Amino acid sequence: MQHFSVRPQTLVASLWDNRSLVLASVVRDVFGRYRGSVLGIVWSFFNPLLMLAIYTFVFSAVLKARWSADSTSHVEFALVLFAGLMVFNLFAETVNKAPSLIVNNVNFVKKVIYPLEILPYVAMGSSLFHFFVSLAVWLCAYMFFYGVPHWTVIYVPVVVLPFCIFAVGVSWALASLGVFLRDVSQFIGVIVMGMMFLAPIFYPATSLPESYRAYLYLNPVTSIVEMVRDVLFWGSPPNGRILFASYVFACLAAWLGFAWFQKTRKGFADVL
């Protein structure tokens with residue numbers, strides 16, 4: 001019986017050794033999403049632009065929302081909200097696909113010698129493409145309303161990377177579970193939606209009583225959302241200790257997810 005390594009080095013080596021295949025698969029996935037539409041991949045730009053316009057109108061003209069009590073800007077709320085949603089959507093898009101990654105690619109399991117462990121990388125690559133398109137829209141909107149962005153915008157890749165590592169780790173675990181327990185794909189959407197509302201995306205963390213505020217940080221989305229907002233909108237560098245802890249937690253989660261995937265993958269063909 002074939003043995004699949006669970007060593008952390010294998011996790012990285014697989015991505016490097018199959019980088020061309022991962023890139024080609026990401027391109028195919030991105031363009032395949034818009035195949036048959038008139039505007040094609042241009043929709044990847046129009047979708048976040050339209051959503052940002054809707055958020056700005058709804059929260060500034062309809063709800064007259066403010067991010068803080070001393071804020072007078074309607075646009076501020078929309079931009080701060082959209083920054084949080086960009087990060088969350090990066091996670092949600094990747095994780096929601098995870099339970100069906102193996103199930104939807106049975107031919108890779110049974111007929112072709114294919115490195116199945118790269119499928120979460122492909123899902124993350126597609127999500128990252130849409131994240132950076134949304135980020136470009138956000139930066140354009142910021143420059144239109146406020147001028148030159150803060151220099152701390154250079155920290156965005158550093159802040160987002162541990163979140164990507166964590167999401168890939170979760171995807172490995174869910175991709176495996178999705179083979180043996182098909183109900184995973186049904187309830188994961190509910191869990192992900194719950195994580196969205198239990199993170200300070202639509203509201204500031206300070207709006208909660210201090211006794212409840214600590215529970216928000218049990219949600220792995222919370223810290224990343226706040227750090228991205230700090231570097232994008234507020235112009236503050238990320239907290240070094242929190243960022244370091246995020247990397248440690250993300251790498252541990254990725255290795256555990258990868259180890260589970262490698263340990264269980266020999267049973268995929270029998271179940272499928």
# chains A, B, ... in the order shown; residues from 1 in each chain; ligands from 1

call {"tool": "residues_around", "arguments": {"residues": "A:Leu198", "least_positions_apart": "6", "cutoff": "9 Å", "atoms": "only C-alpha atoms", "output": "number ranges by chain"}}
result
A: 215-216, 219, 221-222

call {"tool": "residues_around", "arguments": {"residues": "A:Lys263", "least_positions_apart": "4", "cutoff": "12 Å", "atoms": "only C-alpha atoms", "output": "PyMOL selection string"}}
result
chain A and resi 2-7+117+172-173+176-177+255-259+267-268

call {"tool": "residues_around", "arguments": {"residues": "stretch 193-196 of chain A", "least_positions_apart": "4", "cutoff": "10 Å", "atoms": "only C-alpha atoms", "output": "number ranges by chain"}}
result
A: 84-85, 88-89, 92, 188-189, 200-202, 216, 219-222

call {"tool": "write_last_selection", "arguments": {"atoms": "C-alpha atoms", "output": "compact mmCIF listing (two decimals), in the first residue's frame"}}
result
# COMPACT_ATOMS: atom_id res chain seq x y z
CA GLY A 84 -13.39 43.18 6.35
CA LEU A 85 -15.57 41.41 3.80
CA PHE A 88 -13.65 37.02 5.01
CA ASN A 89 -14.61 36.18 1.43
CA ALA A 92 -15.20 31.61 2.82
CA ILE A 188 -20.02 23.98 6.53
CA GLY A 189 -21.86 26.87 4.85
CA PRO A 200 -16.35 42.35 13.79
CA ILE A 201 -17.07 42.73 10.07
CA PHE A 202 -20.37 44.62 10.19
CA LEU A 216 -14.78 37.50 19.42
CA ASN A 219 -12.92 33.38 15.97
CA PRO A 220 -9.76 33.12 13.78
CA VAL A 221 -11.30 35.64 11.36
CA THR A 222 -11.34 38.46 13.93

call {"tool": "atom_distance", "arguments": {"atom1": "atom CA of A:Phe91", "atom2": "atom CA of A:Val158"}}
result
15.7 Å

call {"tool": "closest_residue", "arguments": {"among": "A:Ala83, A:Val22, A:Ser127, A:Ser134", "to": "A:Asn47", "atoms": "only C-alpha atoms"}}
result
A:Ser134

call {"tool": "atom_distance", "arguments": {"atom1": "atom CA of A:Val42", "atom2": "atom CA of A:Val133"}}
result
10.3 Å

call {"tool": "select_by_dssp", "arguments": {"residues": "stretch 22-235 of chain A", "states": "alpha helix (DSSP H)", "output": "ChimeraX atom specification"}}
result
/A:22-33,43-57,74-97,106-110,119-146,156-180,184-197,210-216,220-229

call {"tool": "atom_distance", "arguments": {"atom1": "atom CA of A:Glu76", "atom2": "atom CA of A:Leu232"}}
result
12.0 Å

call {"tool": "residues_around", "arguments": {"residues": "A:Tyr142", "least_positions_apart": "6", "cutoff": "9 Å", "atoms": "only C-alpha atoms", "output": "list in words"}}
result
Leu79, Val148, Pro149 and Phe233 of chain A

call {"tool": "closest_residue", "arguments": {"among": "A:Val87, A:Ser171, A:Val137, A:Asp17", "to": "A:Leu49", "atoms": "only C-alpha atoms"}}
result
A:Val137

call {"tool": "closest_residue", "arguments": {"among": "A:Ala253, A:Phe145, A:Ala214, A:Tyr121", "to": "A:His74", "atoms": "only C-alpha atoms"}}
result
A:Phe145

call {"tool": "closest_residue", "arguments": {"among": "A:Phe249, A:Phe197, A:Tyr146, A:Trp151", "to": "A:Val231", "atoms": "only C-alpha atoms"}}
result
A:Trp151

call {"tool": "closest_residue", "arguments": {"among": "A:Val184, A:Cys251, A:Leu81, A:Leu50", "to": "A:Gly169", "atoms": "only C-alpha atoms"}}
result
A:Cys251
